[in-house]
Amino acid sequence: MSSRGDVVIRPCYATDVEQFRELRLLALRDEPDAYGSTYEESSRRPTTAWIEMAKTGNYFLAFDGDRAVGMASGGEFSPYPHARWLYGMFVHADYRGTGVARDLVHEVAEWTRGLSVMTLGLHVTTTVSRAVAFYRGLGFVPSGPAEPMQRDPTLHLQTMTTHLLSNDRI
Ligand SMILES: CC(C)(COP(=O)(O)OP(=O)(O)OC[C@H]1O[C@@H](n2cnc3c(N)ncnc32)[C@H](O)[C@@H]1OP(=O)(O)O)[C@@H](O)C(=O)NCCC(=O)NCCS
């Protein structure tokens with residue numbers, strides 16, 4: 001758990017499911033090109049599926065009081081078995097530029113370090129320029145060429161990675 005001002009970051013639990021769903025659906029509406037899932041398919045998911053995702057997805061939520069304002073998750077990505085992957089990154093527009101996003105990445109980095117894994121990777125859509133700048137600023141560097149996104153091949157995903165032993169920004 002970490003905090004910045006009034007914002008506290010902690011793991012997501014099954015009991016957070018309503019806020020978790022709302023925030024995730026907001027993310028998918030707010031920046032649809034950033035994600036492999038769509039608002040349309042996700043909004044049809046039953047509550048049980050959201051609970052499962054909240055419980056097992058290694059999600060972290062940022063709370064300002066009772067209000068969930070940011071999220072990120074850590075997981076695996078099979079082509080990089082010796083790394084862990086950052087997924088589902090989103091911060092409510094009111095909290096951008098505050099450092100909450102960095103703190104969320106820090107939690108996923110700490111989770112990764114806790115597994116004795118020292119590479120953290122992610123995919124970012126090349127046209128989502130604020131996210132690309134954000135990740136660069138945290139020391140992530142591009143790895144290989146950008147590849148078409150499966151769901152929409154007009155979009156391209158750039159893999160970025162960082163070595164956590166030499167990264168003191170997260
Ligand atoms: C991506 C996201 C989590 C980053 O959090 P944030 O609080 O906005 O990030 P920061 O403000 O700390 O950093 C953003 C950087 O982009 C820069 N920036 C801002 N607007 C920009 C734009 N339109 N184009 C390019 N860079 C931009 C900022 O100056 C800052 O760079 P700096 O640190 O060198 O000054 C947040 O913007 C977000 O949730 N976006 C919508 C969802 C999304 O894109 N998720 C990414 C999924 S891979």
# chains A, B, ... in the order shown; residues from 1 in each chain; ligands from 1

$ residues_near_ligand --ligand "ligand 1" --cutoff "10 Å" --atoms "only C-alpha atoms and all ligand atoms" --output "ChimeraX atom specification"
/A:26-36,69-72,86-105,122-138,157-158

$ select_by_dssp --residues "region 53-115 of chain A" --states "strand (DSSP E or B)" --output "tab-separated table (two decimals) with C-alpha atoms, in the first residue's frame"
chain	number	residue	atom	x	y	z
A	59	TYR	CA	-5.16	-5.26	-9.82
A	60	PHE	CA	-4.21	-2.24	-7.77
A	61	LEU	CA	-6.64	0.61	-7.27
A	62	ALA	CA	-5.94	4.24	-6.34
A	63	PHE	CA	-8.57	5.66	-3.97
A	64	ASP	CA	-9.24	9.27	-3.08
A	67	ARG	CA	-13.63	7.07	-4.84
A	68	ALA	CA	-11.54	4.82	-7.09
A	69	VAL	CA	-9.52	7.14	-9.37
A	70	GLY	CA	-6.91	4.89	-10.95
A	71	MET	CA	-6.02	1.30	-11.70
A	72	ALA	CA	-3.23	-0.94	-12.98
A	73	SER	CA	-2.58	-4.64	-13.02
A	74	GLY	CA	0.35	-7.01	-13.19
A	75	GLY	CA	0.35	-10.29	-15.04
A	84	ARG	CA	5.94	-9.58	-15.88
A	85	TRP	CA	3.54	-7.31	-17.74
A	86	LEU	CA	1.74	-4.09	-16.86
A	87	TYR	CA	-1.91	-4.11	-17.94
A	88	GLY	CA	-5.04	-2.00	-17.62
A	89	MET	CA	-3.33	1.29	-16.78
A	90	PHE	CA	-5.80	4.12	-16.24
A	91	VAL	CA	-6.01	7.29	-14.18

$ select_by_dssp --residues "region 57-139 of chain A" --states "alpha helix (DSSP H)" --output "JSON, numbers by chain"
{"A": [100, 101, 102, 103, 104, 105, 106, 107, 108, 109, 110, 111, 112, 113, 114, 129, 130, 131, 132, 133, 134, 135, 136, 137]}

$ write_last_selection --atoms "C-alpha atoms" --output "compact mmCIF listing (two decimals), in the first residue's frame"
# COMPACT_ATOMS: atom_id res chain seq x y z
CA VAL A 100 -0.83 8.82 -9.04
CA ALA A 101 -0.09 7.02 -12.32
CA ARG A 102 3.57 6.64 -11.40
CA ASP A 103 2.59 5.29 -7.97
CA LEU A 104 0.36 2.67 -9.60
CA VAL A 105 3.24 1.54 -11.83
CA HIS A 106 5.43 1.46 -8.72
CA GLU A 107 3.01 -0.98 -7.06
CA VAL A 108 3.12 -3.28 -10.09
CA ALA A 109 6.94 -2.95 -10.14
CA GLU A 110 7.08 -3.89 -6.45
CA TRP A 111 4.81 -6.89 -7.10
CA THR A 112 7.20 -7.91 -9.91
CA ARG A 113 10.29 -7.48 -7.72
CA GLY A 114 8.56 -9.54 -5.04
CA SER A 129 0.94 9.81 -27.18
CA ARG A 130 0.43 10.79 -23.54
CA ALA A 131 0.79 7.17 -22.45
CA VAL A 132 3.90 6.72 -24.62
CA ALA A 133 5.46 9.86 -23.07
CA PHE A 134 4.50 8.68 -19.59
CA TYR A 135 6.15 5.28 -19.99
CA ARG A 136 9.28 6.79 -21.55
CA GLY A 137 9.49 9.16 -18.60

$ closest_residue --among "A:Pro153, A:Pro142, A:Gly121, A:Pro46" --to "Pro79 (chain A)" --atoms "only C-alpha atoms"
A:Gly121

$ atom_distance --atom1 "CA of Arg44 (chain A)" --atom2 "CA of Gln19 (chain A)"
16.2 Å

$ closest_residue --among "A:Asp152, A:Asp66, A:Glu52, A:Glu41" --to "Tyr13 (chain A)" --atoms "only C-alpha atoms"
A:Glu52

$ closest_residue --among "A:Pro11, A:Gly65, A:Pro81, A:Gly139" --to "Asn167 (chain A)" --atoms "only C-alpha atoms"
A:Gly139

$ atom_distance --atom1 "CA of Val141 (chain A)" --atom2 "CA of Gly57 (chain A)"
24.7 Å
